[in-house]
Structure formats: C-alpha cells, structure tokens
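**Student:** Got upload00.pdb for you, PDB, C-alpha atoms and all ligand atoms:
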ATOM      1  CA  MET A   1       0.000   0.000   0.000
ATOM      2  CA  ALA A   2       1.153   3.495   0.650
ATOM      3  CA  ASP A   3       1.544   4.414  -3.004
ATOM      4  CA  THR A   4      -0.051   7.801  -3.362
ATOM      5  CA  SER A   5      -2.315   6.710  -6.188
ATOM      6  CA  ASP A   6      -3.830   4.338  -3.663
ATOM      7  CA  HIS A   7      -7.088   5.201  -2.049
ATOM      8  CA  LEU A   8      -9.961   3.363  -0.509
ATOM      9  CA  ASP A   9     -13.580   3.813  -1.469
ATOM     10  CA  GLY A  10     -16.175   5.462   0.713
ATOM     11  CA  ASN A  11     -17.448   2.192   2.130
ATOM     12  CA  CYS A  12     -14.535   2.314   4.582
ATOM     13  CA  LEU A  13     -16.259   5.319   6.167
ATOM     14  CA  ALA A  14     -19.225   3.183   7.239
ATOM     15  CA  GLY A  15     -17.667   2.128  10.556
ATOM     16  CA  PRO A  16     -16.217   5.425  11.763
ATOM     17  CA  LEU A  17     -19.210   7.487  10.600
ATOM     18  CA  SER A  18     -21.786   5.129  12.070
ATOM     19  CA  GLU A  19     -20.295   5.879  15.492
ATOM     20  CA  ILE A  20     -21.664   9.407  15.222
ATOM     21  CA  LEU A  21     -24.479   9.092  12.687
ATOM     22  CA  ALA A  22     -27.676   7.210  13.458
ATOM     23  CA  LEU A  23     -28.337   6.451   9.776
ATOM     24  CA  GLU A  24     -26.333   4.189   7.474
ATOM     25  CA  PRO A  25     -23.909   6.731   5.988
ATOM     26  CA  THR A  26     -22.558   5.173   2.782
ATOM     27  CA  THR A  27     -25.730   5.617   0.761
ATOM     28  CA  ALA A  28     -25.917   9.312   1.593
ATOM     29  CA  TRP A  29     -25.838  11.453  -1.552
ATOM     30  CA  TRP A  30     -23.210  14.127  -1.932
ATOM     31  CA  ARG A  31     -22.879  16.803  -4.612
ATOM     32  CA  CYS A  32     -19.475  18.342  -5.249
ATOM     33  CA  PRO A  33     -19.576  22.151  -4.988
ATOM     34  CA  GLN A  34     -16.545  22.416  -7.269
ATOM     35  CA  CYS A  35     -17.350  20.157 -10.255
ATOM     36  CA  ALA A  36     -21.076  19.448  -9.690
ATOM     37  CA  ARG A  37     -20.543  15.696  -9.808
ATOM     38  CA  SER A  38     -22.875  13.794  -7.517
ATOM     39  CA  GLY A  39     -23.046  10.304  -6.109
ATOM     40  CA  PRO A  40     -23.203   8.215  -2.961
ATOM     41  CA  LEU A  41     -20.701   8.607  -0.142
ATOM     42  CA  ALA A  42     -19.520   5.066  -0.929
ATOM     43  CA  GLY A  43     -18.093   6.359  -4.220
ATOM     44  CA  LEU A  44     -15.773   8.921  -2.680
ATOM     45  CA  HIS A  45     -12.014   8.399  -2.830
ATOM     46  CA  VAL A  46     -10.708   7.984   0.683
ATOM     47  CA  TYR A  47      -7.082   8.597   1.700
ATOM     48  CA  GLY A  48      -5.620   7.403   4.976
ATOM     49  CA  PRO A  49      -6.444   5.842   7.360
ATOM     50  CA  GLU A  50      -3.556   7.442   9.290
ATOM     51  CA  PRO A  51      -3.281  10.103  10.604
ATOM     52  CA  GLY A  52      -6.917  10.556   9.547
ATOM     53  CA  LEU A  53      -9.404   9.849   6.764
ATOM     54  CA  THR A  54      -9.754  12.342   3.921
ATOM     55  CA  ALA A  55     -12.675  11.690   1.560
ATOM     56  CA  ARG A  56     -12.492  13.423  -1.807
ATOM     57  CA  CYS A  57     -14.611  13.903  -4.903
ATOM     58  CA  PRO A  58     -13.742  11.152  -7.416
ATOM     59  CA  GLY A  59     -13.955  13.745 -10.178
ATOM     60  CA  CYS A  60     -11.936  16.718  -8.972
ATOM     61  CA  ALA A  61     -10.457  15.740  -5.559
ATOM     62  CA  TYR A  62     -12.401  18.423  -3.688
ATOM     63  CA  ILE A  63     -12.658  17.444  -0.022
ATOM     64  CA  ALA A  64     -16.062  16.058   0.954
ATOM     65  CA  LEU A  65     -15.180  15.307   4.550
ATOM     66  CA  ARG A  66     -12.331  14.593   6.927
ATOM     67  CA  LEU A  67     -12.540  12.339   9.947
ATOM     68  CA  VAL A  68     -10.002  11.698  12.698
ATOM     69  CA  ARG A  69     -10.475   9.132  15.450
ATOM     70  CA  GLN A  70      -8.493   9.859  18.609
ATOM     71  CA  GLY A  71      -9.321   7.668  21.585
ATOM     72  CA  GLU A  72     -12.859   8.484  22.639
ATOM     73  CA  HIS A  73     -13.180  11.383  20.219
ATOM     74  CA  VAL A  74     -14.106  11.652  16.569
ATOM     75  CA  TRP A  75     -13.275  14.895  14.778
ATOM     76  CA  LEU A  76     -15.291  15.647  11.650
ATOM     77  CA  THR A  77     -15.149  18.404   9.078
ATOM     78  CA  VAL A  78     -17.710  18.537   6.304
ATOM     79  CA  GLY A  79     -16.369  20.099   3.132
ATOM     80  CA  GLY A  80     -12.973  21.558   2.412
ATOM     81  CA  GLY A  81     -12.880  24.300   5.016
ATOM     82  CA  THR A  82     -11.612  24.097   8.529
ATOM     83  CA  GLY A  83     -13.771  24.111  11.627
ATOM     84  CA  ALA A  84     -14.176  20.615  12.975
ATOM     85  CA  PHE A  85     -16.916  19.091  15.085
ATOM     86  CA  ARG A  86     -15.615  16.939  17.890
ATOM     87  CA  PHE A  87     -17.877  14.102  19.020
ATOM     88  CA  ARG A  88     -17.403  11.972  22.087
ATOM     89  CA  VAL A  89     -18.031   8.322  21.305
ATOM     90  CA  THR A  90     -18.364   5.436  23.676
ATOM     91  CA  PRO A  91     -15.623   2.891  23.058
TER      92      PRO A  91
ATOM     93  CA  MET B   1      28.507  26.361  -1.733
ATOM     94  CA  THR B   2      27.761  23.463   0.597
ATOM     95  CA  SER B   3      27.882  23.182   4.317
ATOM     96  CA  PHE B   4      27.061  20.380   6.672
ATOM     97  CA  SER B   5      24.501  21.043   9.353
ATOM     98  CA  PRO B   6      25.220  20.265  12.990
ATOM     99  CA  GLY B   7      22.321  17.807  12.925
ATOM    100  CA  PHE B   8      24.763  14.937  12.413
ATOM    101  CA  ARG B   9      25.961  15.356  16.002
ATOM    102  CA  GLY B  10      22.999  13.194  16.990
ATOM    103  CA  ARG B  11      24.489  10.110  15.402
ATOM    104  CA  ALA B  12      26.942   9.680  18.263
ATOM    105  CA  ARG B  13      24.065   9.148  20.683
ATOM    106  CA  PRO B  14      22.782   5.632  21.375
ATOM    107  CA  LEU B  15      19.648   4.825  19.388
ATOM    108  CA  ALA B  16      17.571   4.361  22.531
ATOM    109  CA  ASP B  17      18.209   7.990  23.462
ATOM    110  CA  ARG B  18      17.068   9.084  20.037
ATOM    111  CA  LEU B  19      13.647   7.413  20.193
ATOM    112  CA  PRO B  20      10.941   9.732  21.551
ATOM    113  CA  PRO B  21       8.298   8.266  23.888
ATOM    114  CA  GLY B  22       5.648   6.132  22.222
ATOM    115  CA  GLN B  23       7.623   5.645  19.002
ATOM    116  CA  TYR B  24       9.090   2.529  17.358
ATOM    117  CA  PRO B  25      12.050   2.536  14.964
ATOM    118  CA  THR B  26      11.594   1.448  11.359
ATOM    119  CA  GLU B  27      13.771   1.001   8.312
ATOM    120  CA  ALA B  28      10.773   1.689   6.101
ATOM    121  CA  PHE B  29       9.733   5.107   4.867
ATOM    122  CA  PRO B  30       5.934   4.926   5.025
ATOM    123  CA  VAL B  31       3.912   7.282   2.861
ATOM    124  CA  LEU B  32       0.826   8.847   4.404
ATOM    125  CA  SER B  33      -1.431  10.695   2.021
ATOM    126  CA  THR B  34      -4.387  13.028   2.209
ATOM    127  CA  GLY B  35      -5.096  13.058  -1.518
ATOM    128  CA  PRO B  36      -3.730  12.418  -4.996
ATOM    129  CA  THR B  37       0.027  13.003  -5.296
ATOM    130  CA  PRO B  38       0.771  16.324  -7.021
ATOM    131  CA  HIS B  39       3.307  16.078  -9.838
ATOM    132  CA  VAL B  40       4.935  19.487 -10.047
ATOM    133  CA  PRO B  41       7.639  19.973 -12.703
ATOM    134  CA  THR B  42      10.609  21.953 -11.423
ATOM    135  CA  ALA B  43      10.108  24.419 -14.294
ATOM    136  CA  ALA B  44       6.706  25.267 -12.814
ATOM    137  CA  TRP B  45       7.834  25.169  -9.188
ATOM    138  CA  ASP B  46       8.270  28.296  -7.137
ATOM    139  CA  LEU B  47       8.315  29.243  -3.498
ATOM    140  CA  THR B  48       6.796  32.405  -2.104
ATOM    141  CA  VAL B  49       7.214  33.931   1.329
ATOM    142  CA  THR B  50       4.579  36.509   2.223
ATOM    143  CA  THR B  51       4.596  38.696   5.311
ATOM    144  CA  GLU B  52       1.584  39.986   7.204
ATOM    145  CA  HIS B  53       2.056  43.300   5.335
ATOM    146  CA  GLY B  54       1.740  41.538   1.983
ATOM    147  CA  GLU B  55       5.416  41.828   1.109
ATOM    148  CA  THR B  56       6.228  38.828  -1.062
ATOM    149  CA  ARG B  57       9.511  37.158  -1.961
ATOM    150  CA  ARG B  58       9.615  34.545  -4.676
ATOM    151  CA  TRP B  59      12.168  31.979  -5.783
ATOM    152  CA  THR B  60      12.031  29.836  -8.891
ATOM    153  CA  TRP B  61      13.567  26.363  -8.849
ATOM    154  CA  ASP B  62      16.775  27.637 -10.447
ATOM    155  CA  GLY B  63      16.837  30.557  -8.043
ATOM    156  CA  MET B  64      16.574  28.208  -5.089
ATOM    157  CA  MET B  65      19.354  25.989  -6.395
ATOM    158  CA  GLU B  66      21.684  29.011  -6.551
ATOM    159  CA  LEU B  67      21.194  29.628  -2.824
ATOM    160  CA  PRO B  68      23.614  28.159  -0.255
ATOM    161  CA  GLN B  69      22.916  24.419  -0.011
ATOM    162  CA  GLN B  70      23.274  22.263   3.069
ATOM    163  CA  ASP B  71      23.510  18.518   3.655
ATOM    164  CA  THR B  72      21.918  17.247   6.812
ATOM    165  CA  VAL B  73      21.280  13.888   8.477
ATOM    166  CA  GLN B  74      18.115  13.784  10.561
ATOM    167  CA  ASP B  75      15.873  11.467  12.559
ATOM    168  CA  LEU B  76      12.208  11.619  11.536
ATOM    169  CA  HIS B  77       9.304  11.059  13.907
ATOM    170  CA  CYS B  78       5.797  10.481  12.584
ATOM    171  CA  VAL B  79       2.745  10.949  14.785
ATOM    172  CA  THR B  80       1.601   7.480  13.652
ATOM    173  CA  ARG B  81       4.443   6.279  15.921
ATOM    174  CA  TRP B  82       7.205   5.283  13.518
ATOM    175  CA  SER B  83      10.647   6.883  13.695
ATOM    176  CA  ARG B  84      13.337   6.613  11.047
ATOM    177  CA  PHE B  85      16.937   7.369  11.960
ATOM    178  CA  ASP B  86      19.710   8.978   9.935
ATOM    179  CA  THR B  87      17.789  10.158   6.899
ATOM    180  CA  ARG B  88      20.029  12.111   4.495
ATOM    181  CA  TRP B  89      18.762  15.315   2.946
ATOM    182  CA  ARG B  90      20.046  18.199   0.919
ATOM    183  CA  GLY B  91      18.329  21.543   0.772
ATOM    184  CA  VAL B  92      18.349  25.198   1.693
ATOM    185  CA  PRO B  93      17.995  26.281   5.333
ATOM    186  CA  LEU B  94      14.874  28.357   5.943
ATOM    187  CA  ASP B  95      17.082  31.045   7.478
ATOM    188  CA  VAL B  96      18.160  31.908   3.930
ATOM    189  CA  PHE B  97      14.592  32.504   2.736
ATOM    190  CA  LEU B  98      13.561  34.413   5.847
ATOM    191  CA  GLU B  99      16.691  36.554   6.264
ATOM    192  CA  ASP B 100      16.100  40.254   7.065
ATOM    193  CA  LEU B 101      12.362  39.934   6.650
ATOM    194  CA  GLU B 102      10.395  42.931   7.907
ATOM    195  CA  THR B 103       7.847  41.211  10.110
ATOM    196  CA  ALA B 104       6.285  41.133  13.534
ATOM    197  CA  ALA B 105       4.552  37.812  12.784
ATOM    198  CA  GLU B 106       5.135  34.916  15.148
ATOM    199  CA  HIS B 107       3.307  32.245  13.160
ATOM    200  CA  VAL B 108       3.632  30.657   9.753
ATOM    201  CA  VAL B 109       1.102  28.820   7.621
ATOM    202  CA  VAL B 110       2.844  26.496   5.176
ATOM    203  CA  GLU B 111       0.863  25.893   1.983
ATOM    204  CA  SER B 112       1.377  23.006  -0.422
ATOM    205  CA  HIS B 113       0.293  21.913  -3.868
ATOM    206  CA  GLY B 114      -2.827  19.787  -3.442
ATOM    207  CA  GLY B 115      -4.187  22.071  -0.726
ATOM    208  CA  TYR B 116      -2.368  20.745   2.348
ATOM    209  CA  THR B 117      -1.480  23.280   5.035
ATOM    210  CA  THR B 118       0.266  23.211   8.384
ATOM    211  CA  ASN B 119       0.953  25.874  11.008
ATOM    212  CA  LEU B 120       4.005  26.373  13.171
ATOM    213  CA  PRO B 121       5.838  29.124  15.025
ATOM    214  CA  LEU B 122       8.146  31.244  12.875
ATOM    215  CA  ALA B 123      10.929  30.692  15.430
ATOM    216  CA  ASP B 124      10.929  26.959  14.651
ATOM    217  CA  LEU B 125      11.865  27.654  11.040
ATOM    218  CA  LEU B 126      14.938  29.644  12.121
ATOM    219  CA  GLY B 127      18.234  28.720  13.698
ATOM    220  CA  GLY B 128      19.289  26.008  11.248
ATOM    221  CA  ARG B 129      16.457  23.664  12.300
ATOM    222  CA  ALA B 130      14.397  23.677   9.102
ATOM    223  CA  TRP B 131      15.038  23.286   5.376
ATOM    224  CA  ILE B 132      13.420  23.333   1.984
ATOM    225  CA  ALA B 133      14.651  19.866   0.993
ATOM    226  CA  HIS B 134      14.920  18.743  -2.633
ATOM    227  CA  THR B 135      17.282  15.758  -2.414
ATOM    228  CA  TYR B 136      16.855  12.593  -0.388
ATOM    229  CA  ASP B 137      19.647  10.034  -0.008
ATOM    230  CA  GLY B 138      21.482  11.509  -2.986
ATOM    231  CA  HIS B 139      18.517  11.452  -5.358
ATOM    232  CA  PRO B 140      15.925  14.045  -6.365
ATOM    233  CA  LEU B 141      13.087  13.849  -3.860
ATOM    234  CA  ALA B 142      10.360  11.560  -5.244
ATOM    235  CA  PRO B 143       6.822  12.936  -5.591
ATOM    236  CA  GLU B 144       5.391  10.492  -3.037
ATOM    237  CA  HIS B 145       7.803  11.889  -0.448
ATOM    238  CA  GLY B 146       7.001  15.488  -1.340
ATOM    239  CA  GLY B 147       9.194  16.185  -4.353
ATOM    240  CA  PRO B 148      10.252  18.242  -6.042
ATOM    241  CA  ALA B 149      10.655  20.010  -2.690
ATOM    242  CA  ARG B 150       9.244  19.703   0.803
ATOM    243  CA  LEU B 151       9.611  21.435   4.087
ATOM    244  CA  LEU B 152      11.822  19.544   6.552
ATOM    245  CA  VAL B 153      11.354  20.394  10.250
ATOM    246  CA  PRO B 154      12.661  17.236  11.900
ATOM    247  CA  HIS B 155      12.379  18.426  15.501
ATOM    248  CA  LEU B 156       8.568  18.362  15.155
ATOM    249  CA  TYR B 157       6.276  15.475  14.138
ATOM    250  CA  LEU B 158       6.563  14.811  10.440
ATOM    251  CA  TRP B 159       3.139  16.196   9.475
ATOM    252  CA  LYS B 160       4.710  19.637  10.001
ATOM    253  CA  SER B 161       7.270  18.861   7.264
ATOM    254  CA  ALA B 162       4.807  19.697   4.499
ATOM    255  CA  LYS B 163       5.301  17.872   1.208
ATOM    256  CA  TRP B 164       5.049  19.755  -2.111
ATOM    257  CA  VAL B 165       5.619  23.072  -0.396
ATOM    258  CA  ARG B 166       4.813  26.165  -2.440
ATOM    259  CA  ALA B 167       4.281  29.037  -0.002
ATOM    260  CA  LEU B 168       5.017  30.282   3.487
ATOM    261  CA  ARG B 169       2.534  32.804   4.826
ATOM    262  CA  LEU B 170       3.597  34.730   7.939
ATOM    263  CA  THR B 171       0.675  35.532  10.221
ATOM    264  CA  THR B 172       0.152  37.463  13.432
ATOM    265  CA  THR B 173      -2.433  34.950  14.633
ATOM    266  CA  ASN B 174      -2.204  31.169  14.871
ATOM    267  CA  GLU B 175      -4.200  29.552  12.052
ATOM    268  CA  PRO B 176      -4.663  25.782  12.421
ATOM    269  CA  GLY B 177      -3.642  23.784   9.354
ATOM    270  CA  PHE B 178      -4.986  20.624   7.714
ATOM    271  CA  TRP B 179      -4.403  18.204  10.609
ATOM    272  CA  GLU B 180      -4.264  20.800  13.362
ATOM    273  CA  SER B 181      -7.883  21.726  12.612
ATOM    274  CA  VAL B 182      -9.070  18.140  13.175
ATOM    275  CA  GLY B 183      -7.567  17.362  16.524
ATOM    276  CA  TYR B 184      -3.809  17.282  16.035
ATOM    277  CA  HIS B 185      -1.496  19.408  18.145
ATOM    278  CA  ASP B 186      -0.632  22.974  17.124
ATOM    279  CA  TYR B 187       3.061  22.466  17.930
ATOM    280  CA  GLY B 188       3.775  18.711  17.754
ATOM    281  CA  ASP B 189       6.944  18.132  19.780
ATOM    282  CA  PRO B 190       7.696  14.379  19.645
ATOM    283  CA  TRP B 191       9.726  14.517  22.862
ATOM    284  CA  ARG B 192       6.707  15.847  24.753
ATOM    285  CA  GLU B 193       4.311  13.558  22.835
ATOM    286  CA  GLN B 194       2.257  16.478  21.609
ATOM    287  CA  ARG B 195       0.155  14.357  19.286
ATOM    288  CA  THR B 196      -3.360  15.628  19.813
ATOM    289  CA  TRP B 197      -5.111  18.843  20.726
ATOM    290  CA  GLY B 198      -5.281  18.073  24.439
ATOM    291  CA  ASP B 199      -1.675  16.848  24.891
TER     292      ASP B 199
HETATM  293 ZN    ZN C   1     -15.685  17.468  -7.708
END
Show me the file's structure as structure tokens.
Ligand SMILES: [Zn+2]
**Tutor:**
Amino acid sequence: MADTSDHLDGNCLAGPLSEILALEPTTAWWRCPQCARSGPLAGLHVYGPEPGLTARCPGCAYIALRLVRQGEHVWLTVGGGTGAFRFRVTP
Amino acid sequence: MTSFSPGFRGRARPLADRLPPGQYPTEAFPVLSTGPTPHVPTAAWDLTVTTEHGETRRWTWDGMMELPQQDTVQDLHCVTRWSRFDTRWRGVPLDVFLEDLETAAEHVVVESHGGYTTNLPLADLLGGRAWIAHTYDGHPLAPEHGGPARLLVPHLYLWKSAKWVRALRLTTTNEPGFWESVGYHDYGDPWREQRTWGD
C-alpha cells in the first residue's frame, strides 16, 4: 500500500461514521460544490487511514469530509474548510 | 557552496536515546497521504514567502538551487508512531529565505500543492532547524515523499514537514492547518508527545 495513487472507497467510512451518525452513511448522496458531480458517499475516494481519513470527490479531488479518530473522540469536518466538530463516542 | 549542518551530532548518541516516547524505529519510509500526489515539474515550481504586510519574496527552482545548499542527516518522527533514523537530505535552510524579513509575525502557515497546510511558530523555522529539501539520499526527492521540494522540520512530528511546499505565509495569529484543525497538536513536539489537541 502506501503508493499515493492508492485510495480506498467510501465504504470504509461506514464504521467510523456510524459511530456518530444514526443512519447508514454510505448511501448518503453528496454533490461536489466544485465540479457538480454527484453520487453516494460510498463512491468517494478515501485517503488514509492514518493520521486521519480524507474523503475526496472522485472527479476533482475536492474534499467532501475529513474524519479523525483519537481515543474516545471523533473529529469531523464537512467540506474543504476548517472548523471541525468533535464528538465523544463510547468505546 | 555546501555546508554540513550540525544535525549529524545526533548520530553519536545511542539509538535508545534518540527514540521519543511512544515511538518505534523502522527502516521503512511509510507514505501517508491526504489526496492524490501532485506532480509538479521543477520548471513550474516556485516558493513564495509573504509577510503579514503583503510583502512577497519569490524563488524559482533555479533561483533556489543558486542559494547556499546544506547537507543534513536527521531522525524523523511520525505521529503514527514510527521513527526513522539517519535520513540524508540536501536543501536550503529556511534562514536563507527568511533573512532580514520585515515582520512582527510569530506564526507561519505552510501551503502546499494539493491544498495541504500546516501551522508552526516562525521561530521553529529559524536557527538552522528547518530546510526546503529537494534531495533525499542523494537522489531528487520523489513525488510520493514530497518532491520536487518539501519542508523539513525534523524536531517536530513529520506532518509539520509539508510535502510539495509552495508558499510560506507569515501571520500574526495562529491559524490551524490541515491536521491541526481536526484534533492534532498545534506544535507537535515528539519529545513531549504532543500528538493531539489536548496533549
Ligand atoms: Zn468534484
């Protein structure tokens, strides 16, 4: 692994996102604000998992979300900007 | 002109003394990515330094290569807990780029191709402790390791050593970067295990 062309698909977000979302996350629809492409979260290109997960548009690499798991906390940003939500999860 | 940085002093120390808490040594050079690898031709590469007043300095690739070069041997410490000893780099000390800058800024935001950013104190880029590195182990730095040129700040966790560096922006306030804004430490000293926000 570790080659930079390597990425996972959005299905790998199912576990970490389901810790903070009540609904099954991978079928959620997302529309890219940069290239207007749309599709399910499962189709995103995901880089990581360390030091965190970065999910990008498969068309233009715009950031859809970032997620970092640290102990009992999950940090989440939605979109390419900064300003993360920190959730406490029960291990 | 080439000089050798005092970083190689560290090699006389026993390896156990060179391993920060919570780290393990590796011979590998793992690649951690946050997106597709940028491929930046040196002909298109440049580096800008911008102060809080908007004063900008710019170097092309050729301009950078005409600056005083330095060889340095450094231990790298990644927040994902691997450490790699005695890595050999060649580059230009940041002191050269920041010399005589008219600034009251105490912070720097480092910006990279591909959108990555990281923040660190300006003081940590000075004093022969940081480089713009373009050569690794005698070869041009490969794109997956940040080539054609990356920041090298080996006394902080490796996420501060931004790959594919293109700009340094001096700021009067501390602006969290890519990882710092999602829970990683603003400073990132491996010897104090400053991994996450609360450390
Ligand atoms: Zn897009």
**Student:** Using only C-alpha atoms, find each residue of chain A with at least one atom at most 10 Å away from an atom of chain B; report its shortest atom-to-atom pair and that distance in Å (one decimal), sort the rows by chain and rising residue number, and return the result as JSON lines.
**Tutor:**
{"residue": "A:Met1", "atom": "CA", "partner": "B:Val31", "partner_atom": "CA", "distance": 8.7}
{"residue": "A:Ala2", "atom": "CA", "partner": "B:Val31", "partner_atom": "CA", "distance": 5.2}
{"residue": "A:Asp3", "atom": "CA", "partner": "B:Val31", "partner_atom": "CA", "distance": 6.9}
{"residue": "A:Thr4", "atom": "CA", "partner": "B:Thr37", "partner_atom": "CA", "distance": 5.6}
{"residue": "A:Ser5", "atom": "CA", "partner": "B:Pro36", "partner_atom": "CA", "distance": 6.0}
{"residue": "A:Asp6", "atom": "CA", "partner": "B:Pro36", "partner_atom": "CA", "distance": 8.2}
{"residue": "A:His7", "atom": "CA", "partner": "B:Gly35", "partner_atom": "CA", "distance": 8.1}
{"residue": "A:His45", "atom": "CA", "partner": "B:Gly35", "partner_atom": "CA", "distance": 8.4}
{"residue": "A:Val46", "atom": "CA", "partner": "B:Gly35", "partner_atom": "CA", "distance": 7.9}
{"residue": "A:Tyr47", "atom": "CA", "partner": "B:Thr34", "partner_atom": "CA", "distance": 5.2}
{"residue": "A:Gly48", "atom": "CA", "partner": "B:Ser33", "partner_atom": "CA", "distance": 6.1}
{"residue": "A:Pro49", "atom": "CA", "partner": "B:Leu32", "partner_atom": "CA", "distance": 8.4}
{"residue": "A:Glu50", "atom": "CA", "partner": "B:Leu32", "partner_atom": "CA", "distance": 6.7}
{"residue": "A:Pro51", "atom": "CA", "partner": "B:Thr80", "partner_atom": "CA", "distance": 6.3}
{"residue": "A:Gly52", "atom": "CA", "partner": "B:Trp179", "partner_atom": "CA", "distance": 8.1}
{"residue": "A:Leu53", "atom": "CA", "partner": "B:Thr34", "partner_atom": "CA", "distance": 7.5}
{"residue": "A:Thr54", "atom": "CA", "partner": "B:Thr34", "partner_atom": "CA", "distance": 5.7}
{"residue": "A:Ala55", "atom": "CA", "partner": "B:Gly35", "partner_atom": "CA", "distance": 8.3}
{"residue": "A:Arg56", "atom": "CA", "partner": "B:Gly35", "partner_atom": "CA", "distance": 7.4}
{"residue": "A:Ala61", "atom": "CA", "partner": "B:Gly35", "partner_atom": "CA", "distance": 7.2}
{"residue": "A:Tyr62", "atom": "CA", "partner": "B:Gly35", "partner_atom": "CA", "distance": 9.3}
{"residue": "A:Ile63", "atom": "CA", "partner": "B:Gly35", "partner_atom": "CA", "distance": 8.9}
{"residue": "A:Arg66", "atom": "CA", "partner": "B:Val182", "partner_atom": "CA", "distance": 7.9}
{"residue": "A:Leu67", "atom": "CA", "partner": "B:Val182", "partner_atom": "CA", "distance": 7.5}
{"residue": "A:Val68", "atom": "CA", "partner": "B:Val182", "partner_atom": "CA", "distance": 6.5}
{"residue": "A:Arg69", "atom": "CA", "partner": "B:Gly183", "partner_atom": "CA", "distance": 8.8}
{"residue": "A:Gln70", "atom": "CA", "partner": "B:Thr196", "partner_atom": "CA", "distance": 7.8}
{"residue": "A:His73", "atom": "CA", "partner": "B:Gly183", "partner_atom": "CA", "distance": 9.0}
{"residue": "A:Val74", "atom": "CA", "partner": "B:Gly183", "partner_atom": "CA", "distance": 8.7}
{"residue": "A:Trp75", "atom": "CA", "partner": "B:Val182", "partner_atom": "CA", "distance": 5.5}
{"residue": "A:Leu76", "atom": "CA", "partner": "B:Val182", "partner_atom": "CA", "distance": 6.9}
{"residue": "A:Thr77", "atom": "CA", "partner": "B:Val182", "partner_atom": "CA", "distance": 7.3}
{"residue": "A:Gly80", "atom": "CA", "partner": "B:Gly115", "partner_atom": "CA", "distance": 9.3}
{"residue": "A:Gly81", "atom": "CA", "partner": "B:Phe178", "partner_atom": "CA", "distance": 9.1}
{"residue": "A:Thr82", "atom": "CA", "partner": "B:Ser181", "partner_atom": "CA", "distance": 6.0}
{"residue": "A:Gly83", "atom": "CA", "partner": "B:Ser181", "partner_atom": "CA", "distance": 6.4}
{"residue": "A:Ala84", "atom": "CA", "partner": "B:Val182", "partner_atom": "CA", "distance": 5.7}
{"residue": "A:Phe85", "atom": "CA", "partner": "B:Val182", "partner_atom": "CA", "distance": 8.1}
{"residue": "A:Arg86", "atom": "CA", "partner": "B:Val182", "partner_atom": "CA", "distance": 8.2}
**Student:** Can you work out the spacing between atom CA of A:Pro58 and atom CA of B:Thr117 in Å, to one decimal?
**Tutor:**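 These atoms are spaced 21.3 Å apart.
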**Student:** Which value, in Å to one decimal, gives the distance between atom CA of A:Val78 and atom CA of A:Ser38?
**Tutor:**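 Calculated distance between atom CA of A:Val78 and atom CA of A:Ser38 is 15.5 Å.
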**Student:** Pick out the residues no farther than 6 Å from ligand ZN 1 (chain C), counting only C-alpha atoms and all ligand atoms, and list them as a PyMOL selection string.
**Tutor:** chain A and resi 32+34-35+37+57+59-62
**Student:** By how many Å are atom CA of B:Arg81 and atom CA of B:Gly22 apart?
**Tutor:**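 If I compute the distance from atom CA of B:Arg81 to atom CA of B:Gly22, I get 6.4 Å.
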**Student:** With all atoms listed in the file as the counted atoms, please give the residues lying no more than 10 Å from B:Gly127, apart from itself and same-chain residues fewer than 6 positions off, as a PyMOL selection string.
**Tutor:** chain B and resi 93-95
**Student:** For A:Leu65, which residue among A:Gly79, A:Ala14, A:Leu8, A:Arg88 is the nearest when counting all atoms listed in the file?
**Tutor:**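 Ranking A:Gly79, A:Ala14, A:Leu8, A:Arg88 by distance to A:Leu65, first place goes to A:Gly79.
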**Student:** Please identify all polymer residues within 8 Å of B:Asp46, counting all atoms listed in the file, omitting same-chain residues fewer than 6 positions from it, and present them as a PyMOL selection string.
**Tutor:** chain B and resi 58-61+166
**Student:** Which residue out of B:Thr42, B:Thr87, B:Gln23, B:Asn119 has the minimum interatomic distance to B:Val73 when only C-alpha atoms are used?
**Tutor:**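 The answer is B:Thr87, which sits nearest to B:Val73.
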**Student:** Run the PyMOL selection byres (((chain B and resi 68) around 9) and not hetatm) mentally over the shown coordinates, then write out the matched residues as a PyMOL selection string, using the chain letters and numbers from the document.
**Tutor:** chain B and resi 1-3+64-67+69-70+91-93+96
